[in-house]
>>> print(open('model10.txt').read())   # compact mmCIF, C-alpha atoms and all ligand atoms
# COMPACT_ATOMS: atom_id res chain seq x y z
CA MET M 1 5.26 -7.80 -2.87
CA CYS M 2 6.60 -5.68 -0.12
CA ALA M 3 3.43 -3.71 -0.09
CA ALA M 4 1.34 -3.79 2.98
CA VAL M 5 0.75 -1.91 6.14
CA SER M 6 -0.19 -3.46 9.42
CA ALA M 7 -3.63 -3.00 10.88
CA GLY M 8 -2.19 -0.45 13.23
CA GLY M 9 0.37 0.64 10.68
CA GLY M 10 2.11 3.96 11.11
CA ARG M 11 0.76 4.75 14.56
CA ALA M 12 4.20 5.21 15.98
CA ALA M 13 4.96 7.55 13.12
CA ALA M 14 1.80 9.45 13.93
CA ARG M 15 2.87 10.05 17.49
CA ARG M 16 6.27 11.16 16.37
CA THR M 17 5.05 13.44 13.60
CA ALA M 18 2.21 15.11 15.45
CA SER M 19 3.95 18.46 15.62
CA ILE M 20 5.19 18.54 12.04
CA PRO M 21 3.48 21.39 10.18
CA ARG M 22 1.48 20.31 7.17
CA ARG M 23 2.31 21.49 3.69
CA SER M 24 -0.42 22.75 1.42
CA ARG M 25 -2.59 20.09 -0.23
CA ARG M 26 -3.05 21.30 -3.78
CA ARG M 27 -5.15 18.88 -5.72
CA LYS M 28 -3.96 17.68 -9.10
CA SER M 29 -5.23 14.67 -11.00
CA VAL M 30 -5.86 12.05 -8.30
CA ALA M 31 -9.11 12.20 -6.34
CA ILE M 32 -8.31 11.96 -2.63
CA ALA M 33 -10.57 11.61 0.38
CA TYR M 34 -9.01 12.65 3.65
CA GLU M 35 -9.89 11.24 7.03
CA SER M 36 -10.82 14.38 8.82
CA GLY M 37 -13.89 16.45 8.21
CA GLN M 38 -15.54 14.25 5.61
CA GLY M 39 -18.39 11.81 5.89
CA ASP M 40 -18.33 8.41 4.28
CA GLY M 41 -20.83 9.13 1.54
CA GLY M 42 -20.05 12.76 0.75
CA GLU M 43 -22.66 15.49 0.87
CA GLN M 44 -26.11 15.15 -0.60
CA GLY M 45 -28.58 17.95 -1.05
CA ALA M 46 -31.42 17.99 1.51
CA SER M 47 -34.03 17.53 -1.22
CA GLU M 48 -32.19 14.73 -3.05
CA PRO M 49 -33.51 11.23 -2.36
CA GLN M 50 -31.04 9.04 -0.49
CA ARG M 51 -29.64 6.42 -2.80
CA PRO M 52 -29.38 3.03 -1.06
CA ARG M 53 -25.71 2.22 -0.66
CA TRP M 54 -24.62 -0.87 -2.56
CA GLU M 55 -22.56 -3.36 -0.66
CA PRO M 56 -21.49 -6.88 -1.50
CA ARG M 57 -23.35 -9.86 -0.18
CA ASP M 58 -21.76 -11.58 2.85
CA TRP M 59 -18.81 -9.18 2.94
CA ARG M 60 -18.80 -8.75 6.71
CA GLN M 61 -18.76 -12.49 7.28
CA GLN M 62 -16.06 -12.95 4.63
CA LEU M 63 -13.98 -10.22 6.24
CA GLU M 64 -14.32 -11.76 9.71
CA ARG M 65 -13.20 -15.12 8.37
CA ILE M 66 -10.20 -13.58 6.61
CA ARG M 67 -9.26 -11.91 9.89
CA GLU M 68 -9.46 -15.31 11.51
CA MET M 69 -7.23 -16.86 8.82
CA ARG M 70 -4.73 -13.99 9.24
CA ARG M 71 -4.71 -14.22 13.02
CA SER M 72 -1.24 -15.77 13.23
CA ARG M 73 0.34 -12.94 11.22
CA ASP M 74 2.92 -15.21 9.65
CA ALA M 75 2.68 -14.27 5.97
CA PRO M 76 5.78 -12.87 4.19
CA VAL M 77 4.24 -9.40 4.38
CA ASP M 78 4.09 -9.63 8.17
CA GLU M 79 7.74 -10.48 8.49
CA MET M 80 9.28 -8.63 5.56
CA GLY M 81 6.73 -6.06 4.40
CA VAL M 82 7.48 -2.37 4.01
CA GLU M 83 6.92 -1.71 7.70
CA LYS M 84 9.83 -4.00 8.49
CA CYS M 85 12.15 -2.54 5.87
CA TYR M 86 13.00 0.90 7.22
CA ASP M 87 15.18 1.88 10.15
CA SER M 88 12.70 2.95 12.81
CA SER M 89 15.51 4.53 14.85
CA ALA M 90 16.53 6.84 12.00
CA PRO M 91 15.54 10.52 11.94
CA LEU M 92 11.95 10.93 10.74
CA GLN M 93 12.90 12.38 7.39
CA VAL M 94 15.28 9.47 6.72
CA MET M 95 12.69 6.97 7.88
CA ARG M 96 10.14 8.41 5.46
CA TYR M 97 12.65 8.29 2.61
CA GLN M 98 13.38 4.66 3.37
CA VAL M 99 9.65 3.86 3.36
CA LEU M 100 9.30 5.42 -0.07
CA LEU M 101 12.36 3.62 -1.39
CA SER M 102 11.21 0.23 -0.13
CA LEU M 103 7.87 0.81 -1.84
CA MET M 104 9.63 1.65 -5.10
CA LEU M 105 11.73 -1.49 -4.85
CA SER M 106 8.74 -3.66 -3.95
CA SER M 107 6.91 -3.31 -7.24
CA GLN M 108 6.96 -6.66 -9.14
CA THR M 109 9.21 -8.08 -6.43
CA LYS M 110 8.71 -10.61 -3.64
CA ASP M 111 8.87 -9.31 -0.08
CA GLN M 112 11.93 -11.45 0.65
CA VAL M 113 13.88 -9.89 -2.23
CA THR M 114 12.84 -6.33 -1.36
CA SER M 115 13.70 -6.84 2.28
CA ALA M 116 17.18 -8.18 1.46
CA ALA M 117 17.84 -5.30 -0.95
CA MET M 118 16.77 -2.77 1.69
CA LEU M 119 19.07 -4.37 4.22
CA ARG M 120 22.02 -4.09 1.83
CA LEU M 121 21.13 -0.48 1.03
CA ARG M 122 20.91 0.39 4.71
CA GLN M 123 24.37 -1.06 5.26
CA HIS M 124 25.61 1.62 2.83
CA GLY M 125 23.72 4.32 4.71
CA LEU M 126 20.35 4.86 3.11
CA THR M 127 19.72 8.59 2.94
CA VAL M 128 18.94 11.07 0.20
CA ASP M 129 22.55 12.26 0.15
CA SER M 130 24.11 8.79 0.16
CA ILE M 131 21.98 7.72 -2.81
CA LEU M 132 22.77 10.89 -4.74
CA GLN M 133 26.48 10.28 -4.18
CA MET M 134 26.28 6.63 -5.24
CA ASP M 135 26.98 5.82 -8.89
CA ASP M 136 24.30 3.97 -10.86
CA ALA M 137 26.35 0.79 -11.27
CA THR M 138 26.84 0.43 -7.52
CA LEU M 139 23.18 1.12 -6.83
CA GLY M 140 22.24 -1.49 -9.42
CA GLN M 141 24.53 -4.08 -7.85
CA ILE M 142 23.05 -3.45 -4.43
CA ILE M 143 19.40 -3.67 -5.38
CA TYR M 144 19.77 -6.58 -7.84
CA PRO M 145 17.75 -8.86 -8.23
CA VAL M 146 14.63 -6.75 -7.53
CA GLY M 147 12.25 -6.71 -10.47
CA PHE M 148 13.08 -4.19 -13.19
CA TRP M 149 16.17 -3.16 -11.25
CA ARG M 150 17.67 -1.15 -14.13
CA ASN M 151 14.58 1.04 -14.38
CA LYS M 152 14.44 1.34 -10.63
CA VAL M 153 18.01 2.63 -10.48
CA LYS M 154 16.96 5.38 -12.87
CA TYR M 155 13.73 6.19 -11.02
CA ILE M 156 15.37 6.14 -7.60
CA LYS M 157 18.04 8.58 -8.75
CA GLN M 158 15.53 10.92 -10.40
CA THR M 159 13.10 10.81 -7.49
CA THR M 160 15.85 11.34 -4.92
CA ALA M 161 17.15 14.38 -6.81
CA ILE M 162 13.61 15.84 -6.84
CA LEU M 163 13.21 15.20 -3.12
CA LYS M 164 16.46 17.02 -2.47
CA GLU M 165 15.68 20.00 -4.68
CA LYS M 166 11.97 20.42 -4.15
CA TYR M 167 11.17 18.94 -0.75
CA GLY M 168 14.29 19.68 1.28
CA GLY M 169 15.20 15.99 1.36
CA ASP M 170 11.82 14.87 2.73
CA ILE M 171 9.04 13.08 0.86
CA PRO M 172 5.88 14.93 -0.19
CA ARG M 173 2.90 14.49 2.06
CA THR M 174 0.11 14.32 -0.48
CA VAL M 175 -0.82 11.56 -2.89
CA GLU M 176 -1.03 14.11 -5.69
CA GLU M 177 2.60 15.07 -5.23
CA LEU M 178 3.85 11.55 -4.56
CA VAL M 179 2.47 10.17 -7.83
CA GLN M 180 4.32 12.89 -9.73
CA LEU M 181 7.63 11.32 -8.67
CA PRO M 182 9.27 9.01 -11.23
CA GLY M 183 8.54 5.35 -10.48
CA VAL M 184 5.86 6.08 -7.86
CA GLY M 185 2.36 4.79 -8.61
CA PRO M 186 -0.91 5.26 -6.73
CA LYS M 187 -0.59 2.11 -4.60
CA MET M 188 2.86 3.21 -3.41
CA ALA M 189 1.59 6.73 -2.77
CA TYR M 190 -1.31 5.55 -0.60
CA LEU M 191 0.97 3.24 1.36
CA ALA M 192 3.57 5.99 1.77
CA MET M 193 0.88 8.30 3.14
CA ASN M 194 -0.27 5.56 5.46
CA ILE M 195 3.09 4.35 6.77
CA ALA M 196 5.28 7.45 6.55
CA TRP M 197 2.68 10.12 7.34
CA ASP M 198 0.07 8.07 9.19
CA SER M 199 -2.65 9.47 6.94
CA VAL M 200 -5.27 7.29 5.29
CA SER M 201 -6.03 8.98 1.99
CA GLY M 202 -7.35 5.97 0.10
CA ILE M 203 -7.17 2.20 -0.20
CA ALA M 204 -3.82 0.83 -1.37
CA VAL M 205 -4.72 -1.73 -4.03
CA ASP M 206 -2.02 -4.09 -5.25
CA THR M 207 -2.42 -7.27 -7.29
CA HIS M 208 -3.54 -9.28 -4.22
CA VAL M 209 -6.23 -6.79 -3.20
CA HIS M 210 -7.32 -6.46 -6.83
CA ARG M 211 -7.56 -10.22 -7.39
CA ILE M 212 -9.22 -11.17 -4.11
CA THR M 213 -11.84 -8.43 -4.10
CA ASN M 214 -12.81 -9.47 -7.62
CA ARG M 215 -13.04 -13.12 -6.57
CA LEU M 216 -15.21 -12.22 -3.60
CA LYS M 217 -17.25 -9.86 -5.78
CA TRP M 218 -16.53 -6.90 -3.55
CA VAL M 219 -16.75 -4.82 -6.72
CA LYS M 220 -20.08 -4.22 -8.44
CA LYS M 221 -18.68 -5.09 -11.84
CA GLU M 222 -15.46 -6.95 -12.52
CA THR M 223 -12.57 -4.49 -12.62
CA ARG M 224 -9.53 -4.74 -14.87
CA TYR M 225 -7.02 -2.53 -13.11
CA PRO M 226 -6.05 -1.91 -9.47
CA GLU M 227 -6.94 1.77 -9.73
CA GLU M 228 -10.44 0.85 -10.94
CA THR M 229 -10.71 -1.53 -7.98
CA ARG M 230 -9.62 1.19 -5.55
CA VAL M 231 -12.37 3.52 -6.74
CA ALA M 232 -14.97 0.73 -6.62
CA LEU M 233 -13.98 -0.30 -3.09
CA GLU M 234 -13.86 3.23 -1.74
CA ASP M 235 -17.46 3.64 -2.90
CA TRP M 236 -18.78 1.27 -0.25
CA LEU M 237 -16.11 -0.02 2.12
CA PRO M 238 -16.35 1.84 5.46
CA ARG M 239 -13.45 4.27 5.84
CA ASP M 240 -12.27 2.79 9.10
CA LEU M 241 -11.32 -0.39 7.21
CA TRP M 242 -9.27 1.30 4.50
CA ARG M 243 -6.00 0.93 6.37
CA GLU M 244 -6.52 -2.65 7.49
CA ILE M 245 -7.74 -4.06 4.20
CA ASN M 246 -4.40 -3.92 2.38
CA TRP M 247 -2.48 -5.72 5.12
CA LEU M 248 -5.25 -8.28 5.54
CA LEU M 249 -5.67 -9.19 1.89
CA VAL M 250 -1.99 -9.10 0.90
CA GLY M 251 -1.15 -11.74 3.50
CA PHE M 252 -4.29 -13.72 2.65
CA GLY M 253 -3.24 -13.63 -1.01
CA GLN M 254 0.27 -14.81 -0.16
CA GLN M 255 -0.90 -17.76 1.91
CA THR M 256 -4.36 -18.90 0.86
CA CYS M 257 -6.06 -17.07 -1.99
CA LEU M 258 -3.08 -17.57 -4.28
CA PRO M 259 -3.00 -16.09 -7.79
CA VAL M 260 -2.96 -19.58 -9.35
CA ASN M 261 -4.55 -22.57 -7.64
CA PRO M 262 -6.04 -20.80 -4.61
CA ARG M 263 -6.25 -23.06 -1.57
CA CYS M 264 -10.03 -23.05 -1.44
CA ASN M 265 -10.16 -26.33 0.48
CA GLU M 266 -8.35 -24.65 3.38
CA CYS M 267 -10.28 -21.39 3.13
CA LEU M 268 -12.91 -20.58 5.75
CA ASN M 269 -14.83 -18.69 3.08
CA GLN M 270 -15.27 -21.60 0.69
CA ASP M 271 -19.03 -21.89 1.37
CA ILE M 272 -19.69 -18.19 0.77
CA CYS M 273 -17.13 -17.31 -1.91
CA PRO M 274 -18.45 -16.93 -5.46
CA ALA M 275 -15.08 -18.05 -6.86
CA ALA M 276 -14.50 -21.06 -4.60
CA LYS M 277 -13.10 -24.10 -6.33
CA ARG M 278 -14.37 -27.24 -4.66
CA ARG M 279 -12.62 -30.48 -5.32
S1 LIG M 301 -12.67 -19.79 -1.42
FE1 LIG M 301 -10.85 -19.81 -2.74
S2 LIG M 301 -11.14 -18.11 -4.19
FE2 LIG M 301 -12.56 -17.80 -2.47
S3 LIG M 301 -11.49 -16.46 -1.03
FE3 LIG M 301 -11.10 -18.58 -0.41
S4 LIG M 301 -9.19 -19.16 -1.41
FE4 LIG M 301 -9.94 -17.31 -2.44
>>> encode(input="model10.txt", output="structure tokens")
Amino acid sequence: MCAAVSAGGGRAAARRTASIPRRSRRRKSVAIAYESGQGDGGEQGASEPQRPRWEPRDWRQQLERIREMRRSRDAPVDEMGVEKCYDSSAPLQVMRYQVLLSLMLSSQTKDQVTSAAMLRLRQHGLTVDSILQMDDATLGQIIYPVGFWRNKVKYIKQTTAILKEKYGGDIPRTVEELVQLPGVGPKMAYLAMNIAWDSVSGIAVDTHVHRITNRLKWVKKETRYPEETRVALEDWLPRDLWREINWLLVGFGQQTCLPVNPRCNECLNQDICPAAKRR
């Protein structure tokens, strides 16, 4: 899926958005932890005993080896991920809209297909106004064959209209507001915050991150849903790795730790992975 951010993802955006005033961050239903002004473990009363922090066995070594396996940066996500889908020379507001749109298209869709659809959309001028002026049939023809393209046409139109009316054509800059948009889930919201706003609010967990962290037992108990995995990972994974982990594991999942028949024989972690299949 077109769903990762590079290890240094969004830094350029950060430099370019440094002077943009922040909107208020009203909290709704999604628990968010912001980078600034908060410690990793939250506050504990002075008299409360310190609870030893759980962390998975061998995780640092496993992480180092995954970094080694990802060193060549030649997975589909590296070449066609969301960071490669938007026009980096466009005005900031347009760039952020394109990031959000590519994330919406990427759900249940291979990076190659999302990337091609984004290229076609950009050839028609991909802005809030151009999408609002486009009829549904044309939009559907352009984005086909992305997964669930009919639903995505509907969601893209609805979301774009909300952006125009409520956010002056920009995208919201909080996860709480982003997940209120039709067709935008938590993983997309965290990635949008990361790439478009250069703000790490949480770990973006897609199917690759969900699957691999369960295989490596980076979650205390097996988790069933990506959101459950996100909460479990954020409980122990140091905050400075939250941005990198999505990019790292998505590419690793595309090349080595495949959903079916993982290439354990080629994996540097085969001797320390609880799920390794040895043949
Ligand atoms: S040993 Fe196999 S299951 Fe474990 S991380 Fe490597 S590829 Fe995935």
>>> closest_atom_pairs(input="model10.txt", of="chain M", to="ligand LIG 301 (chain M)", cutoff="8 Å", atoms="all atoms listed in the file", output="Markdown table")
| residue | atom | partner | partner_atom | distance |
| --- | --- | --- | --- | --- |
| M:Ile212 | CA | M:LIG301 | FE4 | 6.4 |
| M:Arg215 | CA | M:LIG301 | S2 | 5.8 |
| M:Leu216 | CA | M:LIG301 | S3 | 6.2 |
| M:Gly253 | CA | M:LIG301 | FE4 | 7.8 |
| M:Thr256 | CA | M:LIG301 | S4 | 5.3 |
| M:Cys257 | CA | M:LIG301 | S4 | 3.8 |
| M:Leu258 | CA | M:LIG301 | S4 | 6.9 |
| M:Pro262 | CA | M:LIG301 | S4 | 4.8 |
| M:Arg263 | CA | M:LIG301 | S4 | 4.9 |
| M:Cys264 | CA | M:LIG301 | FE1 | 3.6 |
| M:Asn265 | CA | M:LIG301 | S1 | 7.3 |
| M:Glu266 | CA | M:LIG301 | S4 | 7.3 |
| M:Cys267 | CA | M:LIG301 | FE3 | 4.6 |
| M:Leu268 | CA | M:LIG301 | FE3 | 6.7 |
| M:Asn269 | CA | M:LIG301 | FE3 | 5.1 |
| M:Gln270 | CA | M:LIG301 | S1 | 3.8 |
| M:Asp271 | CA | M:LIG301 | S1 | 7.3 |
| M:Ile272 | CA | M:LIG301 | S1 | 7.5 |
| M:Cys273 | CA | M:LIG301 | FE2 | 4.6 |
| M:Pro274 | CA | M:LIG301 | FE2 | 6.7 |
| M:Ala275 | CA | M:LIG301 | S2 | 4.8 |
| M:Ala276 | CA | M:LIG301 | S1 | 3.9 |
| M:Lys277 | CA | M:LIG301 | FE1 | 6.0 |
>>> write_last_selection(input="model10.txt", atoms="C-alpha atoms", output="mmCIF file, keeping the file's coordinate frame")
data_model
loop_
_atom_site.group_PDB
_atom_site.id
_atom_site.type_symbol
_atom_site.label_atom_id
_atom_site.label_comp_id
_atom_site.auth_asym_id
_atom_site.auth_seq_id
_atom_site.Cartn_x
_atom_site.Cartn_y
_atom_site.Cartn_z
ATOM 1 C CA ILE M 212 -9.220 -11.170 -4.110
ATOM 2 C CA ARG M 215 -13.040 -13.120 -6.570
ATOM 3 C CA LEU M 216 -15.210 -12.220 -3.600
ATOM 4 C CA GLY M 253 -3.240 -13.630 -1.010
ATOM 5 C CA THR M 256 -4.360 -18.900 0.860
ATOM 6 C CA CYS M 257 -6.060 -17.070 -1.990
ATOM 7 C CA LEU M 258 -3.080 -17.570 -4.280
ATOM 8 C CA PRO M 262 -6.040 -20.800 -4.610
ATOM 9 C CA ARG M 263 -6.250 -23.060 -1.570
ATOM 10 C CA CYS M 264 -10.030 -23.050 -1.440
ATOM 11 C CA ASN M 265 -10.160 -26.330 0.480
ATOM 12 C CA GLU M 266 -8.350 -24.650 3.380
ATOM 13 C CA CYS M 267 -10.280 -21.390 3.130
ATOM 14 C CA LEU M 268 -12.910 -20.580 5.750
ATOM 15 C CA ASN M 269 -14.830 -18.690 3.080
ATOM 16 C CA GLN M 270 -15.270 -21.600 0.690
ATOM 17 C CA ASP M 271 -19.030 -21.890 1.370
ATOM 18 C CA ILE M 272 -19.690 -18.190 0.770
ATOM 19 C CA CYS M 273 -17.130 -17.310 -1.910
ATOM 20 C CA PRO M 274 -18.450 -16.930 -5.460
ATOM 21 C CA ALA M 275 -15.080 -18.050 -6.860
ATOM 22 C CA ALA M 276 -14.500 -21.060 -4.600
ATOM 23 C CA LYS M 277 -13.100 -24.100 -6.330
#
>>> atom_distance(input="model10.txt", atom1="CA of Leu248 (chain M)", atom2="CA of Val200 (chain M)")
15.6 Å
>>> closest_residue(input="model10.txt", among="M:Ile245, M:Leu139, M:Val250, M:Cys85", to="Leu100 (chain M)", atoms="all atoms listed in the file")
M:Cys85
>>> atom_distance(input="model10.txt", atom1="CA of Asp129 (chain M)", atom2="CA of Lys110 (chain M)")
27.0 Å
>>> atom_distance(input="model10.txt", atom1="CA of Leu105 (chain M)", atom2="CA of Leu63 (chain M)")
29.3 Å
>>> residues_around(input="model10.txt", residues="Asp136 (chain M)", least_positions_apart="4", cutoff="10 Å", atoms="only C-alpha atoms", output="PyMOL selection string")
chain M and resi 131-132+140-142+150+153-154+156-157
>>> closest_residue(input="model10.txt", among="M:Ser199, M:Thr223, M:Asn151, M:Gln98", to="Arg243 (chain M)", atoms="all atoms listed in the file")
M:Ser199
>>> closest_residue(input="model10.txt", among="M:Ala196, M:Val113, M:Val205, M:Val82", to="Val94 (chain M)", atoms="all atoms listed in the file")
M:Ala196
